[in-house]
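*Asks:* Following this message is one structure expressed as C-alpha cells.
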Amino acid sequence: MTVTIGIFEKEENVLEAIRMLQAARTGKQNLQIIVKNKEAAPLLAGQTDIPVDEVYDIREAQERNGERVVAPLGAAPLAAGGYVAGGTGVVGGSPAGFVTGALDADNDTRTEDVLQGIGIPDKHAKTAGDAIEQGRYLLSADTDYEEETKALLIQAGAADVI
C-alpha cells in the first residue's frame with residue numbers, strides 16, 4: 001500500500017474527495033484527515049467518520065508530557081549595570097547573575113515530527129508540514145491504487161498531491 005496525500009485549501013473539497021474515494025472502492029484504503037486544529041476545520045470535524053488528527057493538539061500533548069525539545073544556546077554574564085560584550089559581567093559594581101538563552105525548535109520542524117509520528121512518510125513530511133502551517137487541509141489515503149487515488153484527489157479539487 002502507498003500513502004498519497006491531497007493538499008486542499010477548502011474543507012468542502014476534502015469532503016468531496018472522501019466521498020469520491022469511498023464511492024470508488026478501489027480496494028483496501030485507509031483515510032486520514034490532518035488539520036492544524038479542529039477549530040479551523042468545523043466541517044471536517046463534524047461531518048465525517050474519518051479520523052481527524054489535529055497537529056497542534058498533538059504537539060501540545062507532547063509538550064505537556066515533556067517531549068518538547070529546547071536546545072540551549074549558552075549563558076552570558078549579567079551585571080547590575082548591564083551586560084558589556086566581551087566583558088566579565090561586572091560593570092560598576094558586583095555581578096548580578098547570568099542570562100541563559102535557549103532556542104525553541106521551530107514550528108515547522110515540530111510539525112514535521114508530529115506528521116511522521118502519525119504515519120506520514122518522511123519524504124512527504126516537509127511539504128505536508130508547510131501546508132499545515134499555511135492552514136491547508138490534508139487527506140492521507142493509504143491505498144493499493146496510487147494513480148487512481150491521485151486522479152480522484154485532483155478531481156475533487158486538491159491544490160497539490162504528494
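Chain lettering (A, B, ...) mirrors the order of the C-alpha cells, residue numbering begins at 1 for each chain separately, and ligand numbering begins at 1 in order of display.
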Within 9 Å of segment 116-137 of chain A, which residues of segment 36-59 of chain A come that close, and what is the closest atom pair and distance in Å for each? Count only C-alpha atoms and give it as a Markdown table.
*Replies:*
```
| residue | atom | partner | partner_atom | distance |
| --- | --- | --- | --- | --- |
| A:Lys36 | CA | A:Ile132 | CA | 5.6 |
| A:Ala40 | CA | A:Gly135 | CA | 8.0 |
| A:Ala41 | CA | A:Tyr137 | CA | 8.2 |
| A:Asp53 | CA | A:Ile118 | CA | 8.3 |
| A:Val55 | CA | A:Ile132 | CA | 8.1 |
```
*Asks:* So which residues touch Ala141 of chain A within 10 Å, counting only C-alpha atoms, skipping near sequence neighbours fewer than 3 positions away, as an NGL selection string?
*Replies:* :A and (1-6 or 18 or 21 or 29-33 or 138 or 144-146 or 149-150 or 153)
*Asks:* At a cut-off of 9 Å, using only C-alpha atoms, what residues contact Tyr56 of chain A? Leave out same-chain residues fewer than 4 positions from it and give the result as a PyMOL selection string.
*Replies:* chain A and resi 35-37+60-61+111+114
*Asks:* Identify which of the residues A:Ala158, A:Ile34, A:Ile58, A:Leu152 lies closest to Lys10 of chain A, counting only C-alpha atoms when measuring atom-to-atom distances.
*Replies:*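 For Lys10 of chain A, the nearest of the given residues is A:Ala158.
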*Asks:* Could you pull the residues within 10 Å of Leu15 of chain A, counting only C-alpha atoms, minus those fewer than 4 positions along the same chain, as a PyMOL selection string?
*Replies:* chain A and resi 10-11+19-21+33+43-44+47-48+50+139+156
*Asks:* List every residue of segment 11-65 of chain A that DSSP, applied to the backbone of this structure, assigns to alpha helix (DSSP H), and report them as a PDB file with C-alpha atoms, in the first residue's frame.
*Replies:*
```pdb
ATOM      1  CA  GLU A  11     -12.896  21.796   3.614  1.00  0.00           C
ATOM      2  CA  GLU A  12     -15.648  21.153   1.083  1.00  0.00           C
ATOM      3  CA  ASN A  13     -13.080  19.754  -1.349  1.00  0.00           C
ATOM      4  CA  VAL A  14     -11.791  17.339   1.307  1.00  0.00           C
ATOM      5  CA  LEU A  15     -15.339  16.118   1.914  1.00  0.00           C
ATOM      6  CA  GLU A  16     -15.808  15.662  -1.843  1.00  0.00           C
ATOM      7  CA  ALA A  17     -12.545  13.701  -2.084  1.00  0.00           C
ATOM      8  CA  ILE A  18     -13.646  11.418   0.753  1.00  0.00           C
ATOM      9  CA  ARG A  19     -16.991  10.834  -0.958  1.00  0.00           C
ATOM     10  CA  MET A  20     -15.271  10.051  -4.262  1.00  0.00           C
ATOM     11  CA  LEU A  21     -12.692   7.710  -2.714  1.00  0.00           C
ATOM     12  CA  GLN A  22     -15.348   5.835  -0.761  1.00  0.00           C
ATOM     13  CA  ALA A  23     -17.560   5.538  -3.858  1.00  0.00           C
ATOM     14  CA  ALA A  24     -14.659   4.238  -5.977  1.00  0.00           C
ATOM     15  CA  PRO A  42     -15.542  22.679  11.679  1.00  0.00           C
ATOM     16  CA  LEU A  43     -16.977  20.850   8.644  1.00  0.00           C
ATOM     17  CA  LEU A  44     -14.334  18.145   8.731  1.00  0.00           C
ATOM     18  CA  ALA A  45     -14.607  17.728  12.482  1.00  0.00           C
ATOM     19  CA  GLY A  46     -18.372  17.303  12.383  1.00  0.00           C
ATOM     20  CA  VAL A  55      -1.311  18.725  14.660  1.00  0.00           C
ATOM     21  CA  TYR A  56      -1.391  21.496  17.275  1.00  0.00           C
ATOM     22  CA  ASP A  57      -3.239  19.326  19.822  1.00  0.00           C
ATOM     23  CA  ILE A  58      -0.723  16.531  19.340  1.00  0.00           C
ATOM     24  CA  ARG A  59       2.162  18.991  19.791  1.00  0.00           C
ATOM     25  CA  GLU A  60       0.589  20.455  22.934  1.00  0.00           C
ATOM     26  CA  ALA A  61       0.099  16.970  24.386  1.00  0.00           C
ATOM     27  CA  GLN A  62       3.745  16.158  23.690  1.00  0.00           C
ATOM     28  CA  GLU A  63       4.829  19.398  25.371  1.00  0.00           C
ATOM     29  CA  ARG A  64       2.718  18.583  28.459  1.00  0.00           C
TER      30      ARG A  64
END
```
*Asks:* Tell me, in Å to one decimal, how far atom CA of Asp142 of chain A is from atom CA of Ile7 of chain A.
*Replies:* 14.6 Å
*Asks:* For the atom pair atom CA of Glu9 of chain A and atom CA of Ala151 of chain A, what is the interatomic distance in Å to one decimal place?
*Replies:* 17.1 Å
*Asks:* Could you tell me how far atom CA of Arg25 of chain A lies from atom CA of Asp49 of chain A, in Å and to one decimal?
*Replies:* 16.2 Å
